[in-house]
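Note: the block below is start_10.tsv and it holds TSV, C-alpha atoms.
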```tsv
chain	number	residue	atom	x	y	z
A	1	MET	CA	80.67	-137.64	-110.03
A	2	PRO	CA	80.13	-134.84	-112.52
A	3	ALA	CA	82.35	-131.80	-112.13
A	4	PRO	CA	80.71	-128.80	-110.45
A	5	ALA	CA	79.32	-126.30	-112.91
A	6	THR	CA	81.34	-123.14	-113.36
A	7	PRO	CA	79.23	-120.03	-112.77
A	8	SER	CA	78.65	-117.99	-115.88
A	9	VAL	CA	80.16	-114.54	-116.34
A	10	THR	CA	76.68	-112.96	-116.11
A	11	THR	CA	75.93	-114.70	-112.81
A	12	ARG	CA	79.30	-113.72	-111.37
A	13	ASN	CA	78.93	-110.09	-112.40
A	14	ALA	CA	75.41	-110.00	-110.96
A	15	VAL	CA	76.72	-111.30	-107.64
A	16	VAL	CA	79.47	-108.66	-107.65
A	17	PHE	CA	76.91	-105.94	-108.41
A	18	LEU	CA	74.67	-107.06	-105.54
A	19	ALA	CA	77.68	-107.22	-103.23
A	20	VAL	CA	78.62	-103.64	-104.15
A	21	LEU	CA	75.07	-102.47	-103.40
A	22	ALA	CA	75.06	-104.32	-100.06
A	23	GLY	CA	78.48	-102.87	-99.22
A	24	GLY	CA	77.29	-99.33	-100.02
A	25	ALA	CA	74.22	-99.76	-97.82
A	26	THR	CA	76.42	-101.05	-94.98
A	27	LEU	CA	78.82	-98.12	-95.33
A	28	TYR	CA	75.92	-95.67	-95.17
A	29	TRP	CA	74.29	-97.40	-92.20
A	30	MET	CA	77.55	-97.62	-90.21
A	31	GLN	CA	78.94	-94.19	-91.14
A	32	GLY	CA	79.00	-93.06	-87.49
A	33	ILE	CA	81.46	-95.86	-86.67
A	34	LEU	CA	83.40	-96.20	-89.90
A	35	THR	CA	84.00	-92.49	-90.66
A	36	PRO	CA	86.17	-91.82	-87.55
A	37	LEU	CA	88.01	-95.10	-88.17
A	38	ALA	CA	88.73	-94.16	-91.81
A	39	LEU	CA	89.97	-90.70	-90.77
A	40	ALA	CA	92.19	-92.28	-88.09
A	41	LEU	CA	93.66	-94.71	-90.63
A	42	PHE	CA	94.30	-91.79	-92.99
A	43	LEU	CA	96.09	-89.84	-90.25
A	44	ALA	CA	98.07	-92.94	-89.25
A	45	VAL	CA	99.31	-93.34	-92.83
A	46	MET	CA	100.21	-89.63	-92.92
A	47	ILE	CA	102.18	-89.86	-89.66
A	48	ASP	CA	103.92	-93.05	-90.80
A	49	SER	CA	104.86	-91.28	-94.05
A	50	PHE	CA	106.34	-88.40	-92.03
A	51	ALA	CA	108.37	-90.88	-90.00
A	52	ARG	CA	109.77	-92.64	-93.08
A	53	VAL	CA	110.64	-89.29	-94.68
A	54	LEU	CA	112.60	-88.35	-91.55
A	55	THR	CA	114.57	-91.60	-91.55
A	56	THR	CA	115.31	-91.59	-95.30
A	57	ARG	CA	115.80	-87.88	-96.02
A	58	VAL	CA	117.47	-86.66	-92.80
A	59	PRO	CA	121.00	-88.12	-92.48
A	60	GLY	CA	121.66	-89.81	-89.16
A	61	PHE	CA	118.12	-89.40	-87.84
A	62	PRO	CA	117.45	-92.09	-85.17
A	63	THR	CA	114.83	-94.63	-86.22
A	64	ARG	CA	113.24	-94.86	-82.78
A	65	ALA	CA	112.66	-91.11	-82.63
A	66	ALA	CA	111.05	-90.93	-86.09
A	67	MET	CA	107.50	-91.89	-85.08
A	68	PRO	CA	107.29	-89.63	-81.96
A	69	THR	CA	108.79	-86.74	-83.95
A	70	ALA	CA	106.30	-87.30	-86.78
A	71	MET	CA	103.41	-87.28	-84.29
A	72	VAL	CA	104.62	-84.03	-82.72
A	73	LEU	CA	105.06	-82.41	-86.15
A	74	SER	CA	101.56	-83.49	-87.20
A	75	VAL	CA	100.00	-82.08	-84.03
A	76	LEU	CA	101.91	-78.80	-84.55
A	77	LEU	CA	100.77	-78.55	-88.18
A	78	PHE	CA	97.12	-79.07	-87.27
A	79	GLY	CA	97.46	-76.63	-84.37
A	80	VAL	CA	98.98	-73.95	-86.60
A	81	ALA	CA	96.24	-74.44	-89.20
A	82	PHE	CA	93.55	-74.15	-86.53
A	83	TRP	CA	95.19	-71.03	-85.08
A	84	VAL	CA	95.48	-69.34	-88.49
A	85	VAL	CA	91.79	-69.94	-89.22
A	86	ILE	CA	90.68	-68.68	-85.80
A	87	ALA	CA	93.03	-65.66	-85.68
A	88	ASN	CA	92.27	-64.45	-89.21
A	89	GLY	CA	88.64	-65.47	-89.15
A	90	ARG	CA	87.93	-63.18	-86.20
A	91	GLY	CA	89.08	-60.10	-88.11
A	92	PHE	CA	87.26	-61.29	-91.21
A	93	PHE	CA	83.90	-61.56	-89.44
A	94	ASP	CA	84.47	-58.21	-87.74
A	95	GLN	CA	84.85	-56.61	-91.17
A	96	LEU	CA	81.56	-58.14	-92.31
A	97	LYS	CA	79.76	-55.60	-90.13
A	98	ASP	CA	81.38	-52.78	-92.10
A	99	TYR	CA	80.44	-54.48	-95.35
A	100	THR	CA	76.68	-54.44	-94.58
A	101	PRO	CA	75.94	-51.05	-96.25
A	102	ARG	CA	77.94	-52.07	-99.31
A	103	LEU	CA	76.09	-55.39	-99.51
A	104	ASN	CA	72.80	-53.49	-99.42
A	105	GLU	CA	74.00	-51.30	-102.30
A	106	ILE	CA	74.99	-54.33	-104.38
A	107	ILE	CA	71.65	-56.03	-103.68
A	108	ALA	CA	69.83	-52.85	-104.70
A	109	ARG	CA	71.79	-52.63	-107.98
A	110	VAL	CA	71.13	-56.28	-108.80
A	111	ALA	CA	67.44	-55.87	-107.91
A	112	HIS	CA	67.21	-52.83	-110.20
A	113	ILE	CA	68.77	-54.79	-113.07
A	114	ALA	CA	66.36	-57.69	-112.42
A	115	GLY	CA	63.36	-55.31	-112.38
A	116	ILE	CA	62.56	-55.71	-108.67
A	117	LYS	CA	61.01	-52.50	-107.34
A	118	VAL	CA	61.60	-53.08	-103.60
A	119	ALA	CA	65.10	-54.46	-103.01
A	120	PRO	CA	65.66	-56.61	-99.92
A	121	THR	CA	68.27	-55.68	-97.32
A	122	ILE	CA	70.71	-57.76	-95.28
A	123	GLY	CA	68.76	-57.01	-92.12
A	124	GLY	CA	65.51	-58.11	-93.72
A	125	LEU	CA	67.07	-61.32	-95.03
A	126	VAL	CA	68.49	-62.12	-91.60
A	127	ASN	CA	65.09	-61.57	-89.99
A	128	GLU	CA	63.47	-63.81	-92.60
A	129	LEU	CA	65.98	-66.56	-91.97
A	130	ASN	CA	65.47	-66.27	-88.19
A	131	PRO	CA	68.96	-67.44	-87.12
A	132	GLN	CA	67.72	-68.41	-83.65
A	133	ARG	CA	66.23	-71.53	-85.20
A	134	PHE	CA	69.68	-72.69	-86.23
A	135	ILE	CA	71.46	-72.07	-82.92
A	136	GLY	CA	70.42	-75.44	-81.54
A	137	GLN	CA	71.37	-77.21	-84.75
A	138	ALA	CA	74.75	-75.45	-84.85
A	139	ALA	CA	75.43	-76.38	-81.22
A	140	ALA	CA	74.50	-80.00	-81.93
A	141	SER	CA	76.74	-80.06	-85.03
A	142	PHE	CA	79.65	-78.63	-83.03
A	143	GLY	CA	79.11	-81.24	-80.33
A	144	ASN	CA	79.07	-84.03	-82.91
A	145	PHE	CA	82.26	-82.64	-84.46
A	146	ALA	CA	84.00	-82.53	-81.05
A	147	SER	CA	82.93	-86.08	-80.16
A	148	SER	CA	83.99	-87.34	-83.61
A	149	ALA	CA	87.39	-85.64	-83.24
A	150	VAL	CA	87.91	-87.31	-79.85
A	151	LEU	CA	86.89	-90.68	-81.32
A	152	VAL	CA	89.31	-90.19	-84.23
A	153	LEU	CA	92.16	-89.47	-81.79
A	154	ILE	CA	91.29	-92.57	-79.74
A	155	TYR	CA	91.28	-94.73	-82.87
A	156	LEU	CA	94.55	-93.15	-83.98
A	157	GLY	CA	96.24	-93.90	-80.67
A	158	PHE	CA	95.22	-97.57	-80.76
A	159	ILE	CA	96.23	-97.91	-84.44
A	160	ILE	CA	99.71	-96.50	-83.78
A	161	ALA	CA	100.08	-98.61	-80.63
A	162	SER	CA	99.15	-101.81	-82.49
A	163	ARG	CA	101.32	-101.23	-85.57
A	164	LYS	CA	104.19	-103.29	-84.09
A	165	GLY	CA	102.10	-106.45	-84.26
A	166	PHE	CA	101.08	-105.93	-87.87
A	167	GLY	CA	103.94	-108.04	-89.24
A	168	ARG	CA	103.13	-110.98	-86.96
A	169	LYS	CA	99.46	-110.82	-87.94
A	170	ILE	CA	100.36	-110.92	-91.64
A	171	VAL	CA	102.49	-114.03	-91.05
A	172	ALA	CA	99.66	-115.70	-89.14
A	173	LEU	CA	97.05	-114.78	-91.74
A	174	PHE	CA	99.14	-115.85	-94.76
A	175	PRO	CA	101.52	-118.69	-93.82
A	176	GLN	CA	102.55	-119.33	-97.44
A	177	HIS	CA	105.31	-117.02	-98.63
A	178	ALA	CA	103.87	-116.32	-102.10
A	179	GLU	CA	100.44	-115.41	-100.75
A	180	ARG	CA	102.01	-113.26	-98.05
A	181	GLU	CA	104.11	-111.35	-100.56
A	182	ARG	CA	101.11	-110.74	-102.80
A	183	ASN	CA	99.04	-109.31	-99.94
A	184	LEU	CA	101.95	-107.23	-98.64
A	185	LYS	CA	102.27	-105.69	-102.10
A	186	MET	CA	98.55	-104.92	-102.02
A	187	PHE	CA	98.86	-103.15	-98.63
A	188	GLN	CA	101.92	-101.29	-99.88
A	189	ARG	CA	100.09	-100.11	-102.99
A	190	ILE	CA	97.21	-98.79	-100.88
A	191	ARG	CA	99.64	-97.00	-98.56
A	192	ASP	CA	101.57	-95.55	-101.49
A	193	GLY	CA	98.31	-94.39	-103.07
A	194	VAL	CA	97.30	-92.50	-99.91
A	195	GLU	CA	100.75	-90.94	-99.64
A	196	GLN	CA	100.72	-89.90	-103.29
A	197	TYR	CA	97.26	-88.39	-102.83
A	198	LEU	CA	98.53	-86.33	-99.88
A	199	TRP	CA	101.57	-85.23	-101.85
A	200	ILE	CA	99.57	-84.27	-104.96
A	201	GLN	CA	96.90	-82.36	-103.04
A	202	THR	CA	99.53	-80.52	-100.98
A	203	VAL	CA	101.66	-79.51	-103.98
A	204	THR	CA	98.74	-78.44	-106.17
A	205	GLY	CA	97.08	-76.70	-103.23
A	206	LEU	CA	100.24	-74.70	-102.57
A	207	MET	CA	100.46	-73.76	-106.26
A	208	ILE	CA	96.88	-72.51	-106.33
A	209	ALA	CA	97.04	-70.75	-102.96
A	210	ALA	CA	100.35	-68.99	-103.69
A	211	SER	CA	99.20	-67.82	-107.12
A	212	ALA	CA	95.85	-66.66	-105.77
A	213	PHE	CA	97.59	-64.82	-102.90
A	214	VAL	CA	99.77	-62.89	-105.37
A	215	VAL	CA	96.73	-61.87	-107.45
A	216	MET	CA	94.71	-60.84	-104.38
A	217	MET	CA	97.63	-58.80	-103.02
A	218	LEU	CA	98.01	-57.00	-106.37
A	219	LEU	CA	94.30	-56.14	-106.28
A	220	ARG	CA	94.59	-55.13	-102.58
A	221	LEU	CA	91.81	-57.49	-101.51
A	222	ASP	CA	91.24	-57.53	-97.76
A	223	ASN	CA	92.22	-60.68	-95.85
A	224	ALA	CA	94.24	-62.02	-98.81
A	225	PHE	CA	96.26	-64.40	-96.61
A	226	PHE	CA	93.08	-65.74	-94.99
A	227	TRP	CA	91.51	-66.41	-98.40
A	228	ALA	CA	94.71	-68.05	-99.69
A	229	PHE	CA	94.89	-70.30	-96.63
A	230	LEU	CA	91.24	-71.32	-97.02
A	231	ILE	CA	91.89	-72.10	-100.69
A	232	PHE	CA	94.82	-74.30	-99.66
A	233	LEU	CA	92.69	-76.20	-97.14
A	234	ALA	CA	89.81	-76.56	-99.60
A	235	ALA	CA	92.21	-78.06	-102.17
A	236	TYR	CA	92.16	-81.32	-100.18
A	237	ILE	CA	88.57	-81.82	-101.37
A	238	PRO	CA	88.87	-82.65	-105.10
A	239	ILE	CA	86.98	-80.40	-107.54
A	240	LEU	CA	84.62	-78.93	-104.92
A	241	GLY	CA	87.43	-77.17	-103.07
A	242	GLY	CA	88.54	-75.44	-106.25
A	243	ALA	CA	85.01	-74.26	-106.99
A	244	ILE	CA	84.72	-72.72	-103.50
A	245	GLY	CA	88.04	-70.91	-103.83
A	246	CYS	CA	87.18	-69.66	-107.30
A	247	PHE	CA	83.88	-67.92	-106.48
A	248	LEU	CA	84.04	-66.63	-102.89
A	249	PRO	CA	86.96	-64.12	-103.18
A	250	PRO	CA	85.43	-62.40	-106.26
A	251	LEU	CA	82.13	-62.07	-104.39
A	252	PHE	CA	83.86	-60.27	-101.55
A	253	ALA	CA	85.75	-58.16	-104.07
A	254	LEU	CA	82.33	-56.89	-105.19
A	255	VAL	CA	81.67	-55.89	-101.58
A	256	GLN	CA	85.05	-54.26	-101.03
A	257	PHE	CA	85.01	-52.36	-104.35
A	258	PRO	CA	81.34	-51.40	-104.87
A	259	GLN	CA	82.21	-48.52	-107.19
A	260	SER	CA	83.50	-50.87	-109.92
A	261	PHE	CA	83.01	-54.45	-111.05
A	262	TRP	CA	86.47	-54.63	-112.63
A	263	PRO	CA	88.44	-55.86	-109.54
A	264	ALA	CA	85.97	-58.72	-109.08
A	265	ILE	CA	86.04	-59.55	-112.81
A	266	ILE	CA	89.85	-59.50	-112.93
A	267	LEU	CA	90.08	-61.64	-109.78
A	268	PHE	CA	87.52	-64.11	-111.11
A	269	ALA	CA	89.31	-64.42	-114.45
A	270	ALA	CA	92.71	-64.83	-112.78
A	271	LEU	CA	91.45	-67.50	-110.36
A	272	GLN	CA	89.67	-69.32	-113.18
A	273	THR	CA	92.93	-69.36	-115.16
A	274	ILE	CA	94.91	-70.63	-112.16
A	275	PHE	CA	92.41	-73.39	-111.40
A	276	PHE	CA	92.15	-74.34	-115.07
A	277	VAL	CA	95.93	-74.69	-115.53
A	278	VAL	CA	96.50	-76.56	-112.27
A	279	GLY	CA	93.31	-78.62	-112.39
A	280	ASN	CA	93.38	-79.58	-116.08
A	281	VAL	CA	97.09	-79.67	-116.92
A	282	ILE	CA	99.21	-80.29	-113.82
A	283	TYR	CA	96.81	-82.24	-111.59
A	284	PRO	CA	95.73	-84.92	-114.13
A	285	ARG	CA	99.35	-85.59	-115.09
A	286	MET	CA	100.44	-86.04	-111.47
A	287	GLN	CA	97.38	-88.09	-110.61
A	288	GLY	CA	97.47	-90.29	-113.70
A	289	GLU	CA	101.15	-91.12	-113.29
A	290	SER	CA	101.04	-91.86	-109.56
A	291	LEU	CA	97.51	-92.81	-108.49
A	292	ASN	CA	96.54	-94.41	-111.83
A	293	MET	CA	92.94	-93.22	-111.49
A	294	ASP	CA	90.68	-92.04	-114.29
A	295	PRO	CA	89.74	-88.33	-113.86
A	296	THR	CA	86.06	-89.17	-114.36
A	297	VAL	CA	86.30	-91.70	-111.54
A	298	VAL	CA	87.62	-88.94	-109.26
A	299	LEU	CA	84.45	-86.92	-109.87
A	300	LEU	CA	82.15	-89.91	-109.43
A	301	SER	CA	83.93	-91.04	-106.25
A	302	LEU	CA	83.59	-87.52	-104.81
A	303	ALA	CA	79.82	-87.63	-105.38
A	304	LEU	CA	79.47	-91.22	-104.13
A	305	TRP	CA	81.51	-90.91	-100.93
A	306	GLY	CA	80.00	-87.49	-100.27
A	307	ALA	CA	76.51	-89.04	-100.43
A	308	LEU	CA	77.58	-91.86	-98.10
A	309	TRP	CA	79.68	-90.02	-95.50
A	310	GLY	CA	79.21	-86.28	-96.12
A	311	VAL	CA	82.22	-83.93	-95.92
A	312	PRO	CA	84.59	-86.60	-94.44
A	313	GLY	CA	83.65	-88.82	-97.37
A	314	MET	CA	84.52	-86.05	-99.84
A	315	PHE	CA	87.87	-85.55	-98.14
A	316	LEU	CA	88.64	-89.28	-98.20
A	317	SER	CA	87.02	-90.03	-101.58
A	318	THR	CA	90.24	-90.48	-103.58
A	319	PRO	CA	92.17	-92.59	-100.99
A	320	LEU	CA	89.13	-94.80	-100.42
A	321	THR	CA	88.66	-95.30	-104.17
A	322	VAL	CA	92.35	-96.15	-104.60
A	323	ALA	CA	92.04	-98.76	-101.82
A	324	ALA	CA	88.87	-100.17	-103.38
A	325	MET	CA	90.53	-100.37	-106.80
A	326	VAL	CA	93.54	-102.28	-105.46
A	327	ILE	CA	91.38	-104.71	-103.45
A	328	LEU	CA	88.94	-105.34	-106.30
A	329	ALA	CA	91.87	-106.13	-108.62
A	330	GLN	CA	92.79	-109.15	-106.47
A	331	PHE	CA	89.68	-111.18	-107.41
A	332	ASP	CA	88.67	-112.50	-110.82
A	333	GLY	CA	85.01	-111.59	-110.39
A	334	SER	CA	85.66	-107.92	-109.57
A	335	ARG	CA	88.86	-107.24	-111.56
A	336	TRP	CA	86.84	-105.68	-114.36
A	337	ILE	CA	85.63	-102.96	-111.95
A	338	ALA	CA	89.22	-102.20	-110.94
A	339	ILE	CA	90.21	-101.96	-114.62
A	340	LEU	CA	87.42	-99.43	-115.25
A	341	LEU	CA	88.52	-97.37	-112.24
A	342	SER	CA	92.15	-97.24	-113.33
A	343	GLU	CA	93.70	-94.76	-115.74
A	344	ASP	CA	95.62	-97.19	-117.96
A	345	GLY	CA	93.70	-100.44	-117.43
A	346	ASP	CA	96.43	-101.85	-115.16
A	347	PRO	CA	95.15	-101.40	-111.56
A	348	GLN	CA	97.87	-103.62	-110.07
A	349	GLY	CA	100.76	-101.90	-111.81
A	350	GLU	CA	101.96	-105.15	-113.39
A	351	ARG	CA	103.01	-103.51	-116.66
A	352	ALA	CA	105.12	-100.91	-114.88
A	353	ALA	CA	106.74	-103.60	-112.75
A	354	THR	CA	107.46	-105.73	-115.81
A	355	ALA	CA	108.95	-102.76	-117.65
A	356	ALA	CA	111.10	-101.86	-114.64
A	357	THR	CA	112.48	-105.41	-114.34
A	358	PRO	CA	115.58	-105.86	-116.52
A	359	SER	CA	115.31	-108.66	-118.99
A	360	THR	CA	117.67	-111.63	-118.71
A	361	PRO	CA	120.11	-111.79	-121.61
A	362	ARG	CA	119.84	-114.85	-123.79
A	363	LYS	CA	122.67	-117.35	-123.89
A	364	LYS	CA	124.39	-117.69	-127.18
```
Output the structure of this file as structure tokens.
Amino acid sequence: MPAPATPSVTTRNAVVFLAVLAGGATLYWMQGILTPLALALFLAVMIDSFARVLTTRVPGFPTRAAMPTAMVLSVLLFGVAFWVVIANGRGFFDQLKDYTPRLNEIIARVAHIAGIKVAPTIGGLVNELNPQRFIGQAAASFGNFASSAVLVLIYLGFIIASRKGFGRKIVALFPQHAERERNLKMFQRIRDGVEQYLWIQTVTGLMIAASAFVVMMLLRLDNAFFWAFLIFLAAYIPILGGAIGCFLPPLFALVQFPQSFWPAIILFAALQTIFFVVGNVIYPRMQGESLNMDPTVVLLSLALWGALWGVPGMFLSTPLTVAAMVILAQFDGSRWIAILLSEDGDPQGERAATAATPSTPRKK
């Protein structure tokens, strides 16, 4: 019998391309189910990372108490973040009422510069927008958010409860030792990528937020801590979070200091400098050395996952792309995609592992 024909490279790449399109359509169609599951997996990895840090960094910490302690710490952190936003946000929105006359003055000045004879007012803009139309939509969005949060917590509870059987499932799925080790390394690389992403976003977010807080305090901007905390939270969304933190505080500086544009200009220039240094010097170095992702891919993944899953997709864009890169690198037909996604063309980290392994001395 003649040997079966080997598919050409063009045919194989075409099949991979069609599979990617079909996978993207499936992800978009099932976003209501998959988004809470992805968020729960992300939180599970975060809690597991907390637990391993406690056992490795805290001398004498009991192993059995690591996971419950990590869960309690995670709940406390999210609770504190929620409380800070609510407590400071209330005062912030109360001050917006006092800012209305100043906003009208700024609108009038801008309208005069633009040649508009009759300048609009905040009250007129609100009446034009007719906010009553959006009350039902806002209530529905809040209800969807609450139901999604409950679903994420349910998924998280089942994932943590079933983690003990993960080792037995791996043995059953991959009976051969070599295959099992290869897949365990793949899972470890995905987990390490998510942990590194959390670490990088937290460190760079703290750098930006602390620097911005110092600048805002020097300029005596109202609600400086609230703005700095929002900048820190927004830092977990790559690129977009930095843009939000860079433009909103200067806009409110215009409102707080209507007699001069200089505070807003100084604040804008300072925030631009901070974001430029952290985003273009520190962040790419940390990301390239740990996540091994091309900076352009980070931007494209943000747009892609944002189009598929909205804000949760933007938040999870980098971890999901790291996982996709590692999985695609395991197959010959899709390895070229993983190479394009990586920073150094080595998505599996084989060169680093080879360099780290000491060479065997030759016998004389």
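Among the candidates A:Leu230, A:Asp294, A:Ile265, A:Gln196, the one nearest to Phe82 (chain A) when counting only C-alpha atoms is A:Leu230.
With only C-alpha atoms as the basis for measurement, A:Arg191 is the residue among A:Arg191, A:Arg57, A:Arg180, A:Arg335 that approaches Leu43 (chain A) most closely.
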Can you tell me, as an MDAnalysis selection string, what residues are no more than 9 Å from region 153-162 of chain A when counting all atoms listed in the file, ignoring any on the same chain fewer than 5 positions away?
chainID A and resid 36:37 39:41 43:44 48 148
Got a sec: who's within 12 Å of Leu184 (chain A), counting all atoms listed in the file, leaving out chain neighbours fewer than 2 positions off, as a PDB file with C-alpha atoms, keeping the file's coordinate frame?
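New file out.pdb:
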```
ATOM      1  CA  PHE A 166     101.080-105.930 -87.870  1.00  0.00           C
ATOM      2  CA  GLY A 167     103.940-108.040 -89.240  1.00  0.00           C
ATOM      3  CA  LYS A 169      99.460-110.820 -87.940  1.00  0.00           C
ATOM      4  CA  ILE A 170     100.360-110.920 -91.640  1.00  0.00           C
ATOM      5  CA  VAL A 171     102.490-114.030 -91.050  1.00  0.00           C
ATOM      6  CA  LEU A 173      97.050-114.780 -91.740  1.00  0.00           C
ATOM      7  CA  PHE A 174      99.140-115.850 -94.760  1.00  0.00           C
ATOM      8  CA  HIS A 177     105.310-117.020 -98.630  1.00  0.00           C
ATOM      9  CA  ALA A 178     103.870-116.320-102.100  1.00  0.00           C
ATOM     10  CA  GLU A 179     100.440-115.410-100.750  1.00  0.00           C
ATOM     11  CA  ARG A 180     102.010-113.260 -98.050  1.00  0.00           C
ATOM     12  CA  GLU A 181     104.110-111.350-100.560  1.00  0.00           C
ATOM     13  CA  ARG A 182     101.110-110.740-102.800  1.00  0.00           C
ATOM     14  CA  MET A 186      98.550-104.920-102.020  1.00  0.00           C
ATOM     15  CA  PHE A 187      98.860-103.150 -98.630  1.00  0.00           C
ATOM     16  CA  GLN A 188     101.920-101.290 -99.880  1.00  0.00           C
ATOM     17  CA  ARG A 189     100.090-100.110-102.990  1.00  0.00           C
ATOM     18  CA  ILE A 190      97.210 -98.790-100.880  1.00  0.00           C
ATOM     19  CA  ARG A 191      99.640 -97.000 -98.560  1.00  0.00           C
ATOM     20  CA  VAL A 326      93.540-102.280-105.460  1.00  0.00           C
ATOM     21  CA  ILE A 327      91.380-104.710-103.450  1.00  0.00           C
TER      22      ILE A 327
END
```
Give me, please, the distance in Å between CA of Ala228 (chain A) and CA of Ala209 (chain A), quoted to one decimal.
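We find that CA of Ala228 (chain A) and CA of Ala209 (chain A) lie 4.8 Å from each other.
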Work out how far apart CA of Pro68 (chain A) and CA of Leu54 (chain A) are and give it in Å to one decimal.
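Spanning CA of Pro68 (chain A) to CA of Leu54 (chain A) is a straight-line distance of 11.0 Å.
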Between CA of Phe50 (chain A) and CA of Lys164 (chain A), what is the distance in Å, rounded to a tenth?
17.0 Å
Is there a way to get, as a PyMOL selection string, all residues within 8 Å of the point (90.6, -60.5, -106.2) in file coordinates, counting all atoms listed in the file?
chain A and resi 215-217+219-221+249-250+253+263-264+266-268
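When all atoms listed in the file are used to compute distances to Met46 (chain A), the closest of the residues A:Leu18, A:Ile274, A:Ala70, A:Leu27 turns out to be A:Ala70.
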Using all atoms listed in the file, determine which residues lie at most 7 Å from Leu341 (chain A), disregarding the query and same-chain residues fewer than 4 positions distant; provide the list as a PDB file with C-alpha atoms, in the coordinates of the input.
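The file below, part_29.pdb, is the result:
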```pdb
ATOM      1  CA  MET A 293      92.940 -93.220-111.490  1.00  0.00           C
ATOM      2  CA  ASP A 294      90.680 -92.040-114.290  1.00  0.00           C
ATOM      3  CA  VAL A 297      86.300 -91.700-111.540  1.00  0.00           C
ATOM      4  CA  MET A 325      90.530-100.370-106.800  1.00  0.00           C
ATOM      5  CA  ILE A 337      85.630-102.960-111.950  1.00  0.00           C
TER       6      ILE A 337
END
```
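Here the question is which of A:Ile237, A:Gly23, A:Arg52, A:Gly165 gets nearest to Ala324 (chain A) using only C-alpha atoms, and that residue is A:Gly23.
Every protein, DNA or RNA residue with an atom at most 8 Å from Tyr197 (chain A), where all atoms listed in the file count and chain neighbours fewer than 2 positions away do not, is listed here: Gly193, Val194, Glu195, Trp199, Ile200, Gln201, Gln287, Leu291, Thr318 and Pro319 of chain A.
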Residue nearest Trp227 (chain A) among A:Ser211, A:Thr321, A:Ser260, A:Ser49 (counting all atoms listed in the file):
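Closest candidate: A:Ser211.
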Save N, CA, C and O atoms of region 41-51 of chain A from the block above as a PDB file, in the first residue's frame.
```pdb
ATOM      1  N   LEU A  41     -10.749  30.864  37.360  1.00  0.00           N
ATOM      2  CA  LEU A  41      -9.430  30.230  37.229  1.00  0.00           C
ATOM      3  C   LEU A  41      -8.317  31.215  37.564  1.00  0.00           C
ATOM      4  O   LEU A  41      -7.325  30.854  38.223  1.00  0.00           O
ATOM      5  N   PHE A  42      -8.467  32.465  37.126  1.00  0.00           N
ATOM      6  CA  PHE A  42      -7.475  33.496  37.428  1.00  0.00           C
ATOM      7  C   PHE A  42      -7.377  33.719  38.941  1.00  0.00           C
ATOM      8  O   PHE A  42      -6.276  33.794  39.508  1.00  0.00           O
ATOM      9  N   LEU A  43      -8.511  33.808  39.614  1.00  0.00           N
ATOM     10  CA  LEU A  43      -8.513  33.996  41.065  1.00  0.00           C
ATOM     11  C   LEU A  43      -7.951  32.772  41.775  1.00  0.00           C
ATOM     12  O   LEU A  43      -7.256  32.895  42.793  1.00  0.00           O
ATOM     13  N   ALA A  44      -8.232  31.579  41.252  1.00  0.00           N
ATOM     14  CA  ALA A  44      -7.699  30.356  41.865  1.00  0.00           C
ATOM     15  C   ALA A  44      -6.177  30.333  41.781  1.00  0.00           C
ATOM     16  O   ALA A  44      -5.500  29.947  42.747  1.00  0.00           O
ATOM     17  N   VAL A  45      -5.629  30.742  40.636  1.00  0.00           N
ATOM     18  CA  VAL A  45      -4.174  30.802  40.501  1.00  0.00           C
ATOM     19  C   VAL A  45      -3.594  31.842  41.456  1.00  0.00           C
ATOM     20  O   VAL A  45      -2.546  31.624  42.081  1.00  0.00           O
ATOM     21  N   MET A  46      -4.287  32.971  41.616  1.00  0.00           N
ATOM     22  CA  MET A  46      -3.816  34.016  42.522  1.00  0.00           C
ATOM     23  C   MET A  46      -3.798  33.513  43.966  1.00  0.00           C
ATOM     24  O   MET A  46      -2.824  33.729  44.707  1.00  0.00           O
ATOM     25  N   ILE A  47      -4.869  32.831  44.379  1.00  0.00           N
ATOM     26  CA  ILE A  47      -4.943  32.315  45.743  1.00  0.00           C
ATOM     27  C   ILE A  47      -3.892  31.227  45.966  1.00  0.00           C
ATOM     28  O   ILE A  47      -3.241  31.170  47.015  1.00  0.00           O
ATOM     29  N   ASP A  48      -3.705  30.352  44.967  1.00  0.00           N
ATOM     30  CA  ASP A  48      -2.689  29.312  45.083  1.00  0.00           C
ATOM     31  C   ASP A  48      -1.291  29.923  45.181  1.00  0.00           C
ATOM     32  O   ASP A  48      -0.431  29.433  45.915  1.00  0.00           O
ATOM     33  N   SER A  49      -1.059  31.027  44.449  1.00  0.00           N
ATOM     34  CA  SER A  49       0.223  31.719  44.542  1.00  0.00           C
ATOM     35  C   SER A  49       0.432  32.294  45.941  1.00  0.00           C
ATOM     36  O   SER A  49       1.527  32.211  46.502  1.00  0.00           O
ATOM     37  N   PHE A  50      -0.625  32.889  46.518  1.00  0.00           N
ATOM     38  CA  PHE A  50      -0.554  33.381  47.889  1.00  0.00           C
ATOM     39  C   PHE A  50      -0.152  32.258  48.840  1.00  0.00           C
ATOM     40  O   PHE A  50       0.690  32.442  49.727  1.00  0.00           O
ATOM     41  N   ALA A  51      -0.789  31.098  48.674  1.00  0.00           N
ATOM     42  CA  ALA A  51      -0.531  29.972  49.568  1.00  0.00           C
ATOM     43  C   ALA A  51       0.916  29.506  49.466  1.00  0.00           C
ATOM     44  O   ALA A  51       1.571  29.218  50.481  1.00  0.00           O
TER      45      ALA A  51
END
```
